[in-house]
Every structure is written in structure tokens, then in C-alpha cells.
Amino acid sequence: MTTTKNYDIKDVRLAEAGRRRIEWASREMPVVKLIRERFAREKPLSGIKISACLHITTETANLALALKEGGASAILCASNPLSTQDDAAAALVEYGIPTNAIKGEDQKTYYKHINTALDQGPHITVDDGADLVSTLHTERSELISNVIGGSEETTTGVIRLRSMARAGDLKYPIIAVNDARTKYLFDNRYGTGQSTIDGITRATNILWAGKKVVICGYGWCGHGIAIRAKGLGAQVIITEVEPVRALEAVMDGYQVMPLTEAARVGDIFITIAGNKNVIDKTHFEAMKDEAILANSGHFNVEINIPALEEMSSDKQPVRPFVERYTLKDGKRLYLLGEGRLINLAAAEGHPASVMDMSFANQALCMEYIVKSKGKLKPNVYPVPEEIDKQVARLKLDSMGINIDSLTAEQDRYLNSWREGT
Ligand SMILES: NC(=O)c1ccc[n+]([C@@H]2O[C@H](COP(=O)([O-])OP(=O)(O)OC[C@H]3O[C@@H](n4cnc5c(N)ncnc54)[C@H](O)[C@@H]3O)[C@@H](O)[C@H]2O)c1
């Protein structure tokens with residue numbers, strides 16, 4: 001393990017492998033590449049210190065390289081103890097981007113890494129889940145006066161930040177990158193959809209066809225996982241607490257029922273609700289022998305693991321990322337990836353092509369934060385519509401796809417109330 005003042009990674013010798021995979025990911029990140037080239041010419045982030053708490057993956061590395069080209073000095077730390085790709089972390093350090101992340105790090109190291117990223121006194125924070133922002137506000141508040149603004153990558157982080165803003169506790173403006181259409185419609189849906197199935201498949205090598213797959217939460221991520229599981233031949237059951245989304249799931253062709261009922265029939269359970277104790281003691285009690293449990297929501301609180309531990313007489317690893325809990329009545333339940341987001345714990349997270357759009361939004365929002373310095377009050381802001389549309393246009397361009405534009409007559413029609421039948 002290499003430890004110095006501002007980086008901490010598993011092994012710097014992994015850098016070469018990481019560099020090759022970062023270059024491979026860049027093939028599928030044409031929009032970030034275009035932004036990186038422009039940033040290299042224009043240096044819009046010149047002199048800006050960025051502290052970024054993100055999943056340390058090859059895609060994140062491509063974002064970090066774009067920020068560096070733009071003139072920023074960025075320090076990275078992991079946004080989840082299990083999501084780090086150690087080779088990508090090593091390559092980042094070699095590229096001159098201090099990175100603090102080791103796959104499997106404990107809670108203490110995780111927060112030590114966040115603190116190291118904050119040590120530089122950032123002008124901009126980039127967060128995925130709001131652990132960096134909450135640490136900054138609670139333990140490092142002396143650094144806040146230096147901060148111009150921040151951005152947040154995921155649904156759970158945006159929910160936490162809105163609650164901070166409502167309580168009057170948020171001290172600087174933050175852009176909710178998650179809420180850009182070019183983010184959640186693609187990253188949350190197609191990215192989480194594909195990579196969650198990938199993570200569970202890599203961990204277990206199960207056949208999906210014919211399995212009863214219970215998905216808890218039918219948000220954008222839940223939509224994506226459901227459609228991919230269905231495509232593989234699974235029988236999908238959705239559980240929800242929100243009536244409109246439950247109705248949507250029914251009309252999308254899935255079975256919808258309370259989790260207490262689904263618990264009795266499911267072969268595989270996937271939580272993706274962004275909520276706590278979604279699968280709880282009563283559900284474990286109702287489950288079949290050998291049911292599989294996985295989470296893809298941001299934090300490892302969606303499956304009540306302390307309750308599962310308490311109900312169990314034995315816990316054994318069976319293969320990487322699979323632990324067998326034997327309950328006191330002899331029933332066996334398999335928990336994947338310690339209940340942490342399975343797509344990053346057991347697979348490689350989202351494919352680069354969707355992270356291209358999410359991270360294009362991140363890079364453009366950082367430029368926007370610098371340009372808006374002093375103009376935005378502390379609050380959570382949407383991604384400006386123009387950035388969202390620009391990302392979509394660039395992505396379509398990169399795919400060689402042209403679309404129509406409104407005629408002057410159509411534009412007038414859409415902006416006028418005078419014409420009817
Ligand atoms: N694994 C990843 O790579 C990845 C990627 C993007 C988002 N996320 C995370 O996934 C989670 C979901 O994100 P999203 O964008 O789909 O959110 P969302 O808000 O669109 O959807 C969440 C859904 O869960 C439902 N829900 C809440 N509590 C529930 C309960 N007890 N039982 C059943 N349903 C319940 C809500 O009604 C909502 O429809 C968040 O934690 C987000 O941060 C993970």
C-alpha cells in the first residue's frame with residue numbers, strides 16, 4: 001500500500017493496467033473527449049481546486065483528466081468503500097491526479113480519504129451521495145468560505161442536499177447533476193439496468209430466465225433493472241410505495257404487490273429505492289430457502305443487514321461477493337456485495353457510454369459554477385437546460401445521428417395560443 005500526504009491507493013504498480021482500461025473507456029466517451037479538447041484550449045477551470053468524491057472507475061478517470069486539462073487541480077476520493085477500481089486509482093496518481101481510494105477500505109479509511117480530499121480547501125466540490133459535502137459542513141466548516149459551488153451526481157445525494165437546504169444548513173450552491181435529463185434517463189435507467197444485472201451475474205453466474213426477480217423501487221433505476229431482467233426471461237415483480245409509479249409498473253407489464261407477499265415467492269431480490277430497511281426482518285422470515293439478496297441503491301442501508309446478522313446462526317463466504325447467512329431455523333439466504341451497490345462492487349459500474357453523458361454534465365456544470373461565482377445563493381439548482389440539450393446534441397453527433405428542427409411556422413404555432421381547430 002502506498003501512502004503519502006495527498007494520495008492513498010492500493011498499489012502504484014497497477015497503473016499501467018489502469019491506464020489501458022482508462023483509454024479503452026475513452027473510446028465510448030466522445031462527448032467528454034470533445035469537452036476535454038475544448039478545456040485544453042480555453043482553460044476555463046484555471047486555478048480552481050476541485051475535491052471530488054466519486055466512484056473511482058475508468059470513466060471517472062476520464063472526467064478527472066478533462067478537469068485537469070481545463071486548468072483545475074483535482075483531488076479524488078471514493079464515494080463508496082467497495083466501488084474503487086484499484087488500477088484506475090493507480091493510473092490517476094501517475095497522471096498527476098491525487099487519488100484516495102482502496103477497494104474494500106473500512107469506514108475509518110473512507111472518511112480519512114474524504115478528509116484528505118478536503119485538505120486542499122476546495123473551490124468546487126463534486127459529490128456522489130453527499131458524504132463529502134456533509135463532512136465539509138459538519139467537521140471541516142472552516143473551509144466553506146473558500147467554496148464557490150458544487151455538483152451532486154446521484155438521487156440519494158440530491159435528496160440529502162435538498163433536506164440540508166430546507167433546514168437552512170446548506171452553505172453554498174450545488175447543481176443537481178442527477179436531475180439533468182441526459183443523466184437520469186440514461187445513467188440511472190440504462191446504466192444501472194445493465195450493470196446491476198451484470199454485477200449479480202458476475203457474482204453468482206445465475207441463469208435469469210425463469211427466475212422470479214423482485215425489484216424494490218420503480219424509479220429510473222428500477223425501470224432499467226426491470227426491463228433488462230424481463231429481457232433475460234425473468235418474471236419481474238415490482239414493489240413500490242408511490243401509487244403512480246406502481247401503476248406505471250402494472251401497465252409496463254409487471255406484477256405489483258407488497259413486499260410481504262413478494263418475499264414468499266422471489267428467487268432474487270434487488271433493492272433500488274434509495275431508502276432504509278426496505279427489506280426487513282419480516283421479509284427475511286417469509287423468504288424461501290436460498291433466496292439471493294442484492295442492493296443497487298446508493299447506500300448499504302436498503303437491506304437490513306444488522307437484523308439479518310441477528311437472525312443468523314452462521315455466516316460463510318461462498319464465492320467472491322456472495323455470503324451465505326444461515327438463519328436459526330436452518331434457512332439460507334445469500335447476500336451479495338455486503339449489501340453495497342452490486343453493479344460497482346461485483347462488476348465495473350455503468351458502461352462508459354452513459355457515463356459520457358453524466359460526466360459531460362459534470363464538466364460543463366463546473367465551468368458554469370466558475371462563471372456564476374457569487375451569483376447563486378446557497379441552494380440546490382437544476383442543470384441549466386442549455387447544458388442538458390448541448391450534451392444530448394453532442395451525443396447524437398457522436399453517433400452520427402441527425403434530427404429535424406422546427407420550421408419557423410411550427411415555432412410560431414407552438415408559441416401562440418390563437419390557432420385552434
Ligand atoms: N447503482 C448505481 O450505480 C446507481 C446509479 C444511479 C442511482 N443510484 C441510486 O439508486 C437509488 C434509486 O435511484 P432512482 O434514481 O431510481 O430514484 P427514484 O427516486 O427515481 O426511485 C426510487 C423509487 O423507490 C421507491 N421507494 C422508496 N421507498 C420504497 C420502499 N420502501 N419500497 C418500495 N419502493 C420504495 C420510490 O417511491 C421511488 O419510486 C438511489 O439511492 C440512487 O442514488 C444507484
# chains A, B, ... in the order shown; residues from 1 in each chain; ligands from 1
>>> residues_near_ligand(ligand="ligand 1", cutoff="7 Å", atoms="only C-alpha atoms and all ligand atoms", output="PyMOL selection string")
chain A and resi 129+154-157+184+187-188+192+196+216-222+239-242+245+272-275+278+296-299+341-344+349-350
>>> select_by_dssp(residues="segment 300-398 of chain A", states="helix (DSSP H, G or I)", output="PyMOL selection string")
chain A and resi 305-311+337-339+342-345+352-371+385-398
>>> residues_around(residues="segment 67-76 of chain A", least_positions_apart="2", cutoff="7 Å", atoms="only C-alpha atoms", output="mmCIF file with C-alpha atoms, in the first residue's frame")
data_model
loop_
_atom_site.group_PDB
_atom_site.id
_atom_site.type_symbol
_atom_site.label_atom_id
_atom_site.label_comp_id
_atom_site.auth_asym_id
_atom_site.auth_seq_id
_atom_site.Cartn_x
_atom_site.Cartn_y
_atom_site.Cartn_z
ATOM 1 C CA ARG A 36 -11.590 17.871 -22.721
ATOM 2 C CA PHE A 39 -10.973 22.754 -21.944
ATOM 3 C CA ALA A 40 -7.343 22.216 -23.001
ATOM 4 C CA LYS A 43 -8.620 26.573 -19.582
ATOM 5 C CA PRO A 44 -11.984 27.541 -18.015
ATOM 6 C CA LEU A 45 -11.023 25.978 -14.666
ATOM 7 C CA SER A 46 -7.652 27.650 -14.393
ATOM 8 C CA GLY A 47 -6.555 27.885 -10.744
ATOM 9 C CA ILE A 48 -9.678 26.105 -9.484
ATOM 10 C CA LYS A 49 -9.238 23.489 -6.748
ATOM 11 C CA ILE A 50 -11.727 20.634 -7.031
ATOM 12 C CA SER A 51 -12.346 17.975 -4.374
ATOM 13 C CA ALA A 52 -14.303 15.123 -5.929
ATOM 14 C CA CYS A 53 -15.891 12.192 -4.107
ATOM 15 C CA LEU A 63 -13.656 13.126 -16.260
ATOM 16 C CA ALA A 64 -10.714 13.925 -13.970
ATOM 17 C CA LEU A 65 -8.384 14.199 -16.962
ATOM 18 C CA ALA A 78 -14.009 7.176 -3.256
ATOM 19 C CA ILE A 97 -4.255 13.464 -10.022
ATOM 20 C CA PRO A 98 -4.006 12.626 -6.300
ATOM 21 C CA THR A 99 -6.482 9.856 -5.536
ATOM 22 C CA ASN A 100 -7.551 8.441 -2.200
ATOM 23 C CA ALA A 117 -9.554 15.366 -0.454
ATOM 24 C CA ALA A 363 -17.655 19.063 -16.510
#
>>> closest_residue(among="A:Ala352, A:Leu132, A:Met357, A:Ala307", to="Asp119 of chain A", atoms="only C-alpha atoms")
A:Leu132
>>> residues_around(residues="Leu308 of chain A", least_positions_apart="3", cutoff="8 Å", atoms="only C-alpha atoms", output="list in words")
Lys281, Phe284, Asn304, Ile305, Met311, Ser312 and Tyr325 of chain A
>>> closest_atom_pairs(of="segment 94-212 of chain A", to="segment 318-322 of chain A", cutoff="12 Å", atoms="only C-alpha atoms", output="tab-separated table")
residue	atom	partner	partner_atom	distance
A:Gly104	CA	A:Phe321	CA	11.3
A:Gly199	CA	A:Phe321	CA	9.5
A:Ile200	CA	A:Phe321	CA	9.2
A:Thr201	CA	A:Phe321	CA	11.1
A:Arg202	CA	A:Phe321	CA	9.2
A:Ala203	CA	A:Phe321	CA	5.8
A:Thr204	CA	A:Val322	CA	7.3
A:Asn205	CA	A:Arg319	CA	10.7
>>> closest_residue(among="A:His113, A:Lys331, A:Lys315, A:Arg140", to="Met287 of chain A", atoms="only C-alpha atoms")
A:Lys331
>>> atom_distance(atom1="atom CA of Tyr7 of chain A", atom2="atom CA of Lys171 of chain A")
27.3 Å
>>> residues_around(residues="Asp8 of chain A", least_positions_apart="2", cutoff="10 Å", atoms="only C-alpha atoms", output="JSON, numbers by chain")
{"A": [1, 2, 3, 4, 5, 6, 10, 11, 12, 77, 89, 90, 93, 98, 99, 100, 101, 102, 109, 112, 113, 116]}
>>> write_last_selection(atoms="N, CA, C and O atoms", output="PDB file, in the first residue's frame")
ATOM      1  N   MET A   1       0.851  -1.207   0.000  1.00  0.00           N
ATOM      2  CA  MET A   1       0.000   0.000   0.000  1.00  0.00           C
ATOM      3  C   MET A   1       0.888   1.260   0.000  1.00  0.00           C
ATOM      4  O   MET A   1       1.867   1.326   0.714  1.00  0.00           O
ATOM      5  N   THR A   2       0.528   2.239  -0.835  1.00  0.00           N
ATOM      6  CA  THR A   2       1.303   3.463  -0.919  1.00  0.00           C
ATOM      7  C   THR A   2       0.582   4.560  -0.142  1.00  0.00           C
ATOM      8  O   THR A   2      -0.598   4.767  -0.333  1.00  0.00           O
ATOM      9  N   THR A   3       1.277   5.193   0.759  1.00  0.00           N
ATOM     10  CA  THR A   3       0.625   6.282   1.493  1.00  0.00           C
ATOM     11  C   THR A   3       1.518   7.511   1.453  1.00  0.00           C
ATOM     12  O   THR A   3       2.675   7.454   1.817  1.00  0.00           O
ATOM     13  N   THR A   4       0.990   8.624   0.944  1.00  0.00           N
ATOM     14  CA  THR A   4       1.721   9.882   1.037  1.00  0.00           C
ATOM     15  C   THR A   4       0.712  10.914   1.486  1.00  0.00           C
ATOM     16  O   THR A   4      -0.436  10.594   1.750  1.00  0.00           O
ATOM     17  N   LYS A   5       1.167  12.159   1.487  1.00  0.00           N
ATOM     18  CA  LYS A   5       0.314  13.196   2.062  1.00  0.00           C
ATOM     19  C   LYS A   5      -1.055  13.309   1.378  1.00  0.00           C
ATOM     20  O   LYS A   5      -2.070  13.320   2.038  1.00  0.00           O
ATOM     21  N   ASN A   6      -1.059  13.382   0.039  1.00  0.00           N
ATOM     22  CA  ASN A   6      -2.368  13.662  -0.570  1.00  0.00           C
ATOM     23  C   ASN A   6      -2.884  12.555  -1.487  1.00  0.00           C
ATOM     24  O   ASN A   6      -3.806  12.768  -2.251  1.00  0.00           O
ATOM     25  N   LYS A  10      -3.978   1.436  -3.497  1.00  0.00           N
ATOM     26  CA  LYS A  10      -3.545   0.085  -3.130  1.00  0.00           C
ATOM     27  C   LYS A  10      -2.113  -0.186  -3.594  1.00  0.00           C
ATOM     28  O   LYS A  10      -1.271  -0.622  -2.822  1.00  0.00           O
ATOM     29  N   ASP A  11      -1.850   0.056  -4.886  1.00  0.00           N
ATOM     30  CA  ASP A  11      -0.555  -0.354  -5.429  1.00  0.00           C
ATOM     31  C   ASP A  11      -0.286   0.412  -6.722  1.00  0.00           C
ATOM     32  O   ASP A  11      -0.997   0.231  -7.716  1.00  0.00           O
ATOM     33  N   VAL A  12       0.739   1.232  -6.699  1.00  0.00           N
ATOM     34  CA  VAL A  12       1.029   2.075  -7.862  1.00  0.00           C
ATOM     35  C   VAL A  12       1.434   1.239  -9.085  1.00  0.00           C
ATOM     36  O   VAL A  12       1.311   1.684 -10.228  1.00  0.00           O
ATOM     37  N   CYS A  77     -11.515  11.206  -4.095  1.00  0.00           N
ATOM     38  CA  CYS A  77     -11.647  10.153  -3.085  1.00  0.00           C
ATOM     39  C   CYS A  77     -12.863   9.315  -3.462  1.00  0.00           C
ATOM     40  O   CYS A  77     -13.699   9.732  -4.271  1.00  0.00           O
ATOM     41  N   ALA A  89      -7.298   3.864  -9.936  1.00  0.00           N
ATOM     42  CA  ALA A  89      -6.780   4.775  -8.902  1.00  0.00           C
ATOM     43  C   ALA A  89      -5.271   4.963  -9.091  1.00  0.00           C
ATOM     44  O   ALA A  89      -4.750   6.087  -9.012  1.00  0.00           O
ATOM     45  N   ALA A  90      -4.558   3.856  -9.364  1.00  0.00           N
ATOM     46  CA  ALA A  90      -3.099   3.929  -9.533  1.00  0.00           C
ATOM     47  C   ALA A  90      -2.753   4.773 -10.762  1.00  0.00           C
ATOM     48  O   ALA A  90      -1.842   5.614 -10.721  1.00  0.00           O
ATOM     49  N   VAL A  93      -3.077   8.504 -10.143  1.00  0.00           N
ATOM     50  CA  VAL A  93      -1.928   9.063  -9.415  1.00  0.00           C
ATOM     51  C   VAL A  93      -0.780   9.307 -10.390  1.00  0.00           C
ATOM     52  O   VAL A  93      -0.123  10.355 -10.348  1.00  0.00           O
ATOM     53  N   PRO A  98      -4.032  13.348  -7.571  1.00  0.00           N
ATOM     54  CA  PRO A  98      -4.006  12.626  -6.300  1.00  0.00           C
ATOM     55  C   PRO A  98      -5.343  11.935  -6.039  1.00  0.00           C
ATOM     56  O   PRO A  98      -6.410  12.558  -6.152  1.00  0.00           O
ATOM     57  N   THR A  99      -5.268  10.653  -5.701  1.00  0.00           N
ATOM     58  CA  THR A  99      -6.482   9.856  -5.536  1.00  0.00           C
ATOM     59  C   THR A  99      -6.391   9.098  -4.224  1.00  0.00           C
ATOM     60  O   THR A  99      -5.336   8.554  -3.889  1.00  0.00           O
ATOM     61  N   ASN A 100      -7.500   9.083  -3.502  1.00  0.00           N
ATOM     62  CA  ASN A 100      -7.551   8.441  -2.200  1.00  0.00           C
ATOM     63  C   ASN A 100      -8.657   7.414  -2.210  1.00  0.00           C
ATOM     64  O   ASN A 100      -9.825   7.738  -1.975  1.00  0.00           O
ATOM     65  N   ALA A 101      -8.303   6.172  -2.508  1.00  0.00           N
ATOM     66  CA  ALA A 101      -9.342   5.163  -2.661  1.00  0.00           C
ATOM     67  C   ALA A 101      -8.699   3.787  -2.750  1.00  0.00           C
ATOM     68  O   ALA A 101      -7.778   3.590  -3.541  1.00  0.00           O
ATOM     69  N   ILE A 102      -9.204   2.871  -1.931  1.00  0.00           N
ATOM     70  CA  ILE A 102      -8.714   1.483  -1.962  1.00  0.00           C
ATOM     71  C   ILE A 102      -9.944   0.578  -1.877  1.00  0.00           C
ATOM     72  O   ILE A 102     -10.743   0.717  -0.947  1.00  0.00           O
ATOM     73  N   THR A 109     -11.113   4.533   7.081  1.00  0.00           N
ATOM     74  CA  THR A 109     -10.265   4.940   5.951  1.00  0.00           C
ATOM     75  C   THR A 109     -11.089   5.740   4.950  1.00  0.00           C
ATOM     76  O   THR A 109     -10.606   6.721   4.368  1.00  0.00           O
ATOM     77  N   LYS A 112     -11.276   9.097   6.248  1.00  0.00           N
ATOM     78  CA  LYS A 112      -9.933   9.704   6.204  1.00  0.00           C
ATOM     79  C   LYS A 112      -9.658  10.194   4.774  1.00  0.00           C
ATOM     80  O   LYS A 112      -9.142  11.285   4.549  1.00  0.00           O
ATOM     81  N   HIS A 113     -10.055   9.383   3.785  1.00  0.00           N
ATOM     82  CA  HIS A 113      -9.850   9.756   2.380  1.00  0.00           C
ATOM     83  C   HIS A 113     -10.660  10.998   2.002  1.00  0.00           C
ATOM     84  O   HIS A 113     -10.176  11.874   1.282  1.00  0.00           O
ATOM     85  N   THR A 116      -8.811  13.907   3.395  1.00  0.00           N
ATOM     86  CA  THR A 116      -7.609  14.246   2.616  1.00  0.00           C
ATOM     87  C   THR A 116      -8.008  15.045   1.372  1.00  0.00           C
ATOM     88  O   THR A 116      -7.331  16.005   0.990  1.00  0.00           O
TER      89      THR A 116
END
>>> select_by_dssp(residues="segment 36-255 of chain A", states="strand (DSSP E or B)", output="number ranges by chain")
A: 49-54, 73-78, 99-100, 124-127, 149-152, 174-176, 212-216, 235-239, 255
>>> residues_around(residues="Ala291 of chain A", least_positions_apart="5", cutoff="8 Å", atoms="only C-alpha atoms", output="short mmCIF file (atom, residue, chain, number, x, y, z; two decimals) with N, CA and C atoms, in the first residue's frame")
data_model
loop_
_atom_site.label_atom_id
_atom_site.label_comp_id
_atom_site.auth_asym_id
_atom_site.auth_seq_id
_atom_site.Cartn_x
_atom_site.Cartn_y
_atom_site.Cartn_z
N GLY A 266 -40.13 -14.78 -4.26
CA GLY A 266 -38.97 -14.32 -5.01
C GLY A 266 -37.76 -15.25 -4.93
N ASP A 267 -37.04 -15.36 -6.06
CA ASP A 267 -35.74 -16.07 -6.06
C ASP A 267 -34.61 -15.07 -5.83
N ILE A 268 -34.78 -13.86 -6.39
CA ILE A 268 -33.75 -12.82 -6.28
C ILE A 268 -34.45 -11.52 -5.89
N PHE A 269 -33.87 -10.81 -4.94
CA PHE A 269 -34.43 -9.52 -4.50
C PHE A 269 -33.40 -8.44 -4.77
N ARG A 332 -31.32 -20.68 4.39
CA ARG A 332 -30.11 -19.99 3.91
C ARG A 332 -30.50 -18.83 2.99
N LEU A 333 -29.89 -17.68 3.26
CA LEU A 333 -30.09 -16.51 2.38
C LEU A 333 -28.71 -16.03 1.94
N TYR A 334 -28.61 -15.64 0.66
CA TYR A 334 -27.32 -15.20 0.13
C TYR A 334 -27.33 -13.68 -0.04
#
>>> residues_around(residues="segment 173-183 of chain A", least_positions_apart="2", cutoff="7 Å", atoms="only C-alpha atoms", output="ChimeraX atom specification")
/A:149-155,158,185-187,357-358,361-362,376-383,388,391-392
>>> atom_distance(atom1="atom CA of Ala346 of chain A", atom2="atom CA of Thr57 of chain A")
12.9 Å
>>> closest_residue(among="A:Gln194, A:Asn402, A:Asn80, A:Ser26", to="Asp128 of chain A", atoms="only C-alpha atoms")
A:Asn80
>>> closest_residue(among="A:Ile227, A:Met257, A:Ile124, A:Val354", to="Ala25 of chain A", atoms="only C-alpha atoms")
A:Val354
>>> closest_residue(among="A:Glu285, A:Glu338, A:Asp356, A:Glu261", to="Asn300 of chain A", atoms="only C-alpha atoms")
A:Glu338
